[in-house]
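Asker: One structure, as structure tokens, below. Some questions next.
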Amino acid sequence: MSESSLTPERLTADSPASERLVARAAELDTADALGKLRELFVLDDVVYLDGNSLGALPAHVPGRVEDVVRRQWGEMRIRSWSESGWWTAPERIGDRIAPLVGAAPGQIVVGDSTSVNVFKALVGAVRLAGEGRDEIIVDATTFPTDGYIAESAARMTGCTLRPLTPAEVPGALSERTAAVLLNHVDYRTGRLHDLPALTAAVRAAGAVSVWDLCHSAGALPVGLDEHGVDIAVGCTYKYLNGGPGSPAYLYVRAGLQSRFDSPLPGWNSHAEPFGMRPSYEAGEGAVRGRVGTPDILSMLALEAALDVWDGVSVEAVRAKSLALTDFFLECVAEYVPAGRVESVTPAAHAERGSQVALRCDDAGAVMERLIGAGVVGDFRSPDVLRFGFTPLYVGFTDVERAARVLAEQLAV
């Protein structure tokens, strides 16, 4: 029997699990209001579940980049800084990202890497905290680079560094705490941390909150303004589909911008960037987060990529994300023998990002076989299979197929 002939009416409770789940997937895809967005991306027959590392290519981006290269750079040359809007791109694109993370305009600037922005954010946070606060708390489960930068920032600012799990943070805050650097979603397990409660605890202690949004922006509501986050950073090449190495962004809450003292005071953030003055005077607003000349080619590719978000609700994306991950876990439970894998991603929706991480001893070899069989996820040492679900282009049929192929490869 072909998959296309498996309609719900033909199935019974006694039907094989695969037939029931294939039919369920087809039903869910038919009802999916975001399903039409898949056509906006360059995709093939591979099930791509690695958008939490690198998002798929929006189909219109190559043409837009060609225009930037051939016309704006090739023909207009230096005139494009003003006539093509190159100079204002960091703030303009920041305002495009703002609704996706719950921020009002004028608080996000795009540019530099996530790592550079974490450095700016953390040192700037310590300076905002003021005298007498000499401790930085960092998420002990963080992506390694955040930890490396936090350690360096602590040395540079004379602070003590305390690595703690997010759950330990509220009980550890004190009058000594200057800044707290946390991840909204754990990159390895997909655990979603309680941003509202943790931000409130940091604020009550008089410290400055810094959030890394790399694994949440574009996958779920963040609510930076609503929850009073002080500073946030994030990448744009995962759920925002900006392309490999696309520039990151820095959010500084409007009420803090006049006091934000960046440790990288470049000419682009100067109040008079073309005055070429020997002394530094910071510009106003989000521009304070700029450093040097913007990376225009990748920045304008990102701007084009963000077009796929026009008219898309982050709340709808979140609803589909949870439905996709729920269905994947259901399919894995049906297809994979009990005990062969263990989910390390929380089952509770309030604690889950947009990925599922499964633990098994031979995860590295299993992922290699999976990719060879047309299901692309990734492996995190030492034993985690990681699957990212990008609601803009991943469907329920993809999910069922991924779980079925996973079971096949686990049986090899």
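Every chain in the structure tokens has a letter given in the order shown (A, B, ...), and although residue numbers restart at 1 in each chain, ligands are simply numbered from 1 in the order shown.
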So which bits of region 340-372 of chain A end up strand (DSSP E or B) when you DSSP the backbone, as a PDB file with all heavy atoms, in the first residue's frame?

Answerer:
```
ATOM      1  N   GLU A 342      17.222   7.713  24.994  1.00  0.00           N
ATOM      2  CA  GLU A 342      16.602   8.424  26.113  1.00  0.00           C
ATOM      3  C   GLU A 342      16.497   9.897  25.747  1.00  0.00           C
ATOM      4  O   GLU A 342      17.489  10.519  25.364  1.00  0.00           O
ATOM      5  CB  GLU A 342      17.463   8.270  27.367  1.00  0.00           C
ATOM      6  CG  GLU A 342      17.012   9.129  28.539  1.00  0.00           C
ATOM      7  CD  GLU A 342      18.086   9.265  29.610  1.00  0.00           C
ATOM      8  OE1 GLU A 342      19.192   8.743  29.417  1.00  0.00           O
ATOM      9  OE2 GLU A 342      17.788   9.928  30.637  1.00  0.00           O
ATOM     10  N   SER A 343      15.312  10.461  25.860  1.00  0.00           N
ATOM     11  CA  SER A 343      15.154  11.883  25.595  1.00  0.00           C
ATOM     12  C   SER A 343      15.677  12.683  26.775  1.00  0.00           C
ATOM     13  O   SER A 343      15.309  12.442  27.928  1.00  0.00           O
ATOM     14  CB  SER A 343      13.685  12.237  25.341  1.00  0.00           C
ATOM     15  OG  SER A 343      13.546  13.633  25.181  1.00  0.00           O
ATOM     16  N   ARG A 352      10.516  23.391  27.131  1.00  0.00           N
ATOM     17  CA  ARG A 352      11.070  22.848  25.888  1.00  0.00           C
ATOM     18  C   ARG A 352      11.235  23.923  24.831  1.00  0.00           C
ATOM     19  O   ARG A 352      10.332  24.717  24.591  1.00  0.00           O
ATOM     20  CB  ARG A 352      10.144  21.753  25.336  1.00  0.00           C
ATOM     21  CG  ARG A 352      10.737  21.000  24.144  1.00  0.00           C
ATOM     22  CD  ARG A 352       9.679  20.203  23.406  1.00  0.00           C
ATOM     23  NE  ARG A 352       8.897  19.350  24.287  1.00  0.00           N
ATOM     24  CZ  ARG A 352       7.761  18.771  23.929  1.00  0.00           C
ATOM     25  NH1 ARG A 352       7.254  18.977  22.725  1.00  0.00           N
ATOM     26  NH2 ARG A 352       7.103  18.012  24.781  1.00  0.00           N
ATOM     27  N   GLN A 355      13.761  21.907  19.827  1.00  0.00           N
ATOM     28  CA  GLN A 355      14.591  20.774  19.435  1.00  0.00           C
ATOM     29  C   GLN A 355      14.323  19.609  20.364  1.00  0.00           C
ATOM     30  O   GLN A 355      13.737  19.767  21.433  1.00  0.00           O
ATOM     31  CB  GLN A 355      16.076  21.126  19.487  1.00  0.00           C
ATOM     32  CG  GLN A 355      16.653  21.290  20.889  1.00  0.00           C
ATOM     33  CD  GLN A 355      18.129  21.646  20.877  1.00  0.00           C
ATOM     34  OE1 GLN A 355      18.537  22.623  20.267  1.00  0.00           O
ATOM     35  NE2 GLN A 355      18.935  20.867  21.570  1.00  0.00           N
ATOM     36  N   VAL A 356      14.741  18.435  19.917  1.00  0.00           N
ATOM     37  CA  VAL A 356      14.679  17.231  20.740  1.00  0.00           C
ATOM     38  C   VAL A 356      16.061  16.605  20.732  1.00  0.00           C
ATOM     39  O   VAL A 356      16.661  16.417  19.669  1.00  0.00           O
ATOM     40  CB  VAL A 356      13.636  16.222  20.207  1.00  0.00           C
ATOM     41  CG1 VAL A 356      13.739  14.900  20.965  1.00  0.00           C
ATOM     42  CG2 VAL A 356      12.227  16.800  20.323  1.00  0.00           C
ATOM     43  N   ALA A 357      16.564  16.326  21.914  1.00  0.00           N
ATOM     44  CA  ALA A 357      17.870  15.694  22.064  1.00  0.00           C
ATOM     45  C   ALA A 357      17.683  14.293  22.639  1.00  0.00           C
ATOM     46  O   ALA A 357      17.032  14.122  23.672  1.00  0.00           O
ATOM     47  CB  ALA A 357      18.766  16.520  22.980  1.00  0.00           C
ATOM     48  N   LEU A 358      18.229  13.320  21.930  1.00  0.00           N
ATOM     49  CA  LEU A 358      18.123  11.925  22.348  1.00  0.00           C
ATOM     50  C   LEU A 358      19.511  11.388  22.678  1.00  0.00           C
ATOM     51  O   LEU A 358      20.454  11.587  21.917  1.00  0.00           O
ATOM     52  CB  LEU A 358      17.505  11.080  21.231  1.00  0.00           C
ATOM     53  CG  LEU A 358      16.126  11.501  20.726  1.00  0.00           C
ATOM     54  CD1 LEU A 358      15.695  10.615  19.558  1.00  0.00           C
ATOM     55  CD2 LEU A 358      15.097  11.441  21.851  1.00  0.00           C
ATOM     56  N   ARG A 359      19.618  10.708  23.788  1.00  0.00           N
ATOM     57  CA  ARG A 359      20.907  10.166  24.214  1.00  0.00           C
ATOM     58  C   ARG A 359      20.997   8.691  23.872  1.00  0.00           C
ATOM     59  O   ARG A 359      20.078   7.912  24.122  1.00  0.00           O
ATOM     60  CB  ARG A 359      21.096  10.370  25.713  1.00  0.00           C
ATOM     61  CG  ARG A 359      22.380   9.772  26.266  1.00  0.00           C
ATOM     62  CD  ARG A 359      22.536  10.094  27.741  1.00  0.00           C
ATOM     63  NE  ARG A 359      22.834  11.509  27.934  1.00  0.00           N
ATOM     64  CZ  ARG A 359      22.340  12.254  28.903  1.00  0.00           C
ATOM     65  NH1 ARG A 359      21.461  11.733  29.755  1.00  0.00           N
ATOM     66  NH2 ARG A 359      22.703  13.510  29.028  1.00  0.00           N
TER      67      ARG A 359
END
```

Asker: Give me, as a list in words, all polymer residues having an atom no more than 12 Å from Arg133 (chain A), counting only C-alpha atoms and skipping those fewer than 6 positions away in the same chain.

Answerer: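 Listing them by chain and then by number gives Ala125, Val126, Arg127, Ala154, Thr157, Gly158, Cys159, Thr160, Leu161, Leu173, Ser174, Glu175, Arg176, Thr177, Ala178, Ala179, Val180, Ala205, Gly206, Ala207 and Val208 of chain A.
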
Asker: May I have a table of the residues of region 263-324 of chain A lying at most 10 Å from region 374-393 of chain A, giving each one's closest pair of atoms and their distance in Å to one decimal, counting only C-alpha atoms, ordered by chain and ascending residue number, as a Markdown table?

Answerer:
```
| residue | atom | partner | partner_atom | distance |
| --- | --- | --- | --- | --- |
| A:Val308 | CA | A:Leu392 | CA | 8.5 |
| A:Trp309 | CA | A:Leu392 | CA | 8.8 |
| A:Val312 | CA | A:Leu392 | CA | 9.1 |
| A:Ala316 | CA | A:Pro391 | CA | 9.0 |
| A:Val317 | CA | A:Pro391 | CA | 5.8 |
| A:Arg318 | CA | A:Pro391 | CA | 7.9 |
| A:Ala319 | CA | A:Pro391 | CA | 9.0 |
| A:Lys320 | CA | A:Pro391 | CA | 6.0 |
| A:Ser321 | CA | A:Pro391 | CA | 5.6 |
| A:Leu322 | CA | A:Phe389 | CA | 9.2 |
| A:Ala323 | CA | A:Pro391 | CA | 9.5 |
| A:Leu324 | CA | A:Phe389 | CA | 7.0 |
```

Asker: Residues of region 181-265 of chain A in alpha helix (DSSP H) according to DSSP, as an mmCIF file with N, CA and C atoms, in the first residue's frame?

Answerer:
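Final file, result_8.cif:
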```cif
data_model
loop_
_atom_site.group_PDB
_atom_site.id
_atom_site.type_symbol
_atom_site.label_atom_id
_atom_site.label_comp_id
_atom_site.auth_asym_id
_atom_site.auth_seq_id
_atom_site.Cartn_x
_atom_site.Cartn_y
_atom_site.Cartn_z
ATOM 1 N N LEU A 195 12.843 32.604 31.474
ATOM 2 C CA LEU A 195 13.369 33.959 31.314
ATOM 3 C C LEU A 195 12.631 34.984 32.178
ATOM 4 N N PRO A 196 11.306 34.980 32.225
ATOM 5 C CA PRO A 196 10.626 35.992 33.054
ATOM 6 C C PRO A 196 11.020 35.918 34.530
ATOM 7 N N ALA A 197 10.998 34.721 35.100
ATOM 8 C CA ALA A 197 11.286 34.587 36.533
ATOM 9 C C ALA A 197 12.751 34.883 36.840
ATOM 10 N N LEU A 198 13.657 34.393 36.012
ATOM 11 C CA LEU A 198 15.073 34.622 36.266
ATOM 12 C C LEU A 198 15.439 36.093 36.076
ATOM 13 N N THR A 199 14.852 36.734 35.059
ATOM 14 C CA THR A 199 15.108 38.163 34.858
ATOM 15 C C THR A 199 14.609 38.968 36.049
ATOM 16 N N ALA A 200 13.439 38.618 36.545
ATOM 17 C CA ALA A 200 12.889 39.329 37.703
ATOM 18 C C ALA A 200 13.775 39.152 38.926
ATOM 19 N N ALA A 201 14.312 37.963 39.113
ATOM 20 C CA ALA A 201 15.186 37.715 40.259
ATOM 21 C C ALA A 201 16.475 38.529 40.155
ATOM 22 N N VAL A 202 17.039 38.584 38.951
ATOM 23 C CA VAL A 202 18.261 39.360 38.743
ATOM 24 C C VAL A 202 17.990 40.840 39.000
ATOM 25 N N ARG A 203 16.865 41.343 38.497
ATOM 26 C CA ARG A 203 16.507 42.747 38.699
ATOM 27 C C ARG A 203 16.319 43.053 40.179
ATOM 28 N N ALA A 204 15.645 42.164 40.906
ATOM 29 C CA ALA A 204 15.402 42.384 42.336
ATOM 30 C C ALA A 204 16.698 42.452 43.128
#
```

Asker: Using only C-alpha atoms for the distances, tell me which of A:Ser84, A:Ser269, A:Thr189, A:Thr141 is nearest to Ala167 (chain A).

Answerer: A:Thr141

Asker: Suppose you want the space between CA of Gln409 (chain A) and CA of Ser354 (chain A); what is it in Å?

Answerer: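 Here the two named atoms are 23.2 Å from each other.
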
Asker: Under the rule of at most 12 Å, produce a per-residue listing of region 219-278 of chain A near region 30-49 of chain A: chain, number, name, the closest pair of atoms, and the distance in Å, as a Markdown table, using only C-alpha atoms.

Answerer:
```
| residue | atom | partner | partner_atom | distance |
| --- | --- | --- | --- | --- |
| A:Lys238 | CA | A:Leu49 | CA | 11.2 |
| A:Tyr239 | CA | A:Leu49 | CA | 11.2 |
| A:Asn241 | CA | A:Phe41 | CA | 9.7 |
```

Asker: Export all heavy atoms of the chosen residues as a PDB file, in the first residue's frame?

Answerer:
```pdb
ATOM      1  N   LYS A 238      20.533  30.581  12.600  1.00  0.00           N
ATOM      2  CA  LYS A 238      19.780  29.396  12.979  1.00  0.00           C
ATOM      3  C   LYS A 238      18.321  29.566  12.532  1.00  0.00           C
ATOM      4  O   LYS A 238      18.019  29.486  11.344  1.00  0.00           O
ATOM      5  CB  LYS A 238      19.901  29.165  14.485  1.00  0.00           C
ATOM      6  CG  LYS A 238      21.339  28.934  14.970  1.00  0.00           C
ATOM      7  CD  LYS A 238      21.395  28.684  16.454  1.00  0.00           C
ATOM      8  CE  LYS A 238      22.814  28.693  17.007  1.00  0.00           C
ATOM      9  NZ  LYS A 238      23.659  27.613  16.469  1.00  0.00           N
ATOM     10  N   TYR A 239      17.423  29.835  13.465  1.00  0.00           N
ATOM     11  CA  TYR A 239      16.002  29.923  13.122  1.00  0.00           C
ATOM     12  C   TYR A 239      15.660  31.170  12.310  1.00  0.00           C
ATOM     13  O   TYR A 239      14.558  31.256  11.752  1.00  0.00           O
ATOM     14  CB  TYR A 239      15.156  29.879  14.394  1.00  0.00           C
ATOM     15  CG  TYR A 239      15.266  28.578  15.155  1.00  0.00           C
ATOM     16  CD1 TYR A 239      15.956  28.508  16.354  1.00  0.00           C
ATOM     17  CD2 TYR A 239      14.689  27.415  14.656  1.00  0.00           C
ATOM     18  CE1 TYR A 239      16.060  27.314  17.061  1.00  0.00           C
ATOM     19  CE2 TYR A 239      14.785  26.216  15.348  1.00  0.00           C
ATOM     20  CZ  TYR A 239      15.470  26.171  16.550  1.00  0.00           C
ATOM     21  OH  TYR A 239      15.580  24.990  17.241  1.00  0.00           O
ATOM     22  N   ASN A 241      17.561  32.083   9.709  1.00  0.00           N
ATOM     23  CA  ASN A 241      17.928  31.689   8.340  1.00  0.00           C
ATOM     24  C   ASN A 241      18.768  32.724   7.600  1.00  0.00           C
ATOM     25  O   ASN A 241      18.648  32.892   6.385  1.00  0.00           O
ATOM     26  CB  ASN A 241      16.656  31.389   7.514  1.00  0.00           C
ATOM     27  CG  ASN A 241      15.720  30.437   8.223  1.00  0.00           C
ATOM     28  OD1 ASN A 241      16.070  29.300   8.488  1.00  0.00           O
ATOM     29  ND2 ASN A 241      14.531  30.911   8.572  1.00  0.00           N
TER      30      ASN A 241
END
```

Asker: Got a sec: who's within 7 Å of Glu91 (chain A), counting only C-alpha atoms, leaving out chain neighbours fewer than 6 positions off, as a ChimeraX atom specification?

Answerer: /A:108-110

Asker: Quick one: pull the distance between CA of Met299 (chain A) and CA of His270 (chain A), Å, one decimal.

Answerer: 20.5 Å

Asker: For Thr165 (chain A), list every protein, DNA or RNA residue within 10 Å, evaluated using only C-alpha atoms, and leave out those in the same chain fewer than 5 positions away; present the list as a list of chain:residue names.

Answerer: A:Ile137, A:Val138, A:Asp139, A:Ala140, A:Thr141, A:Thr142, A:Leu182

Asker: Please indicate the distance in Å from CA of Pro163 (chain A) to CA of Phe143 (chain A), rounded to one decimal place.

Answerer: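 CA of Pro163 (chain A) sits 12.3 Å away from CA of Phe143 (chain A).
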
Asker: Kindly indicate which residue among A:Glu66, A:Asp212, A:Glu315, A:Glu135 lies nearest to Val118 (chain A), using only C-alpha atoms for the distances.

Answerer: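 Checking each of A:Glu66, A:Asp212, A:Glu315, A:Glu135 against Val118 (chain A), counting only C-alpha atoms, the winner is A:Asp212.
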
Asker: Excluding Leu302 (chain A) and its own-chain neighbours fewer than 4 positions away, which residues fall within 10 Å of it when counting only C-alpha atoms? Please give them as a PyMOL selection string.

Answerer: chain A and resi 58+61+65+93+110+236-237+240-244+246-248+296-298+306-307
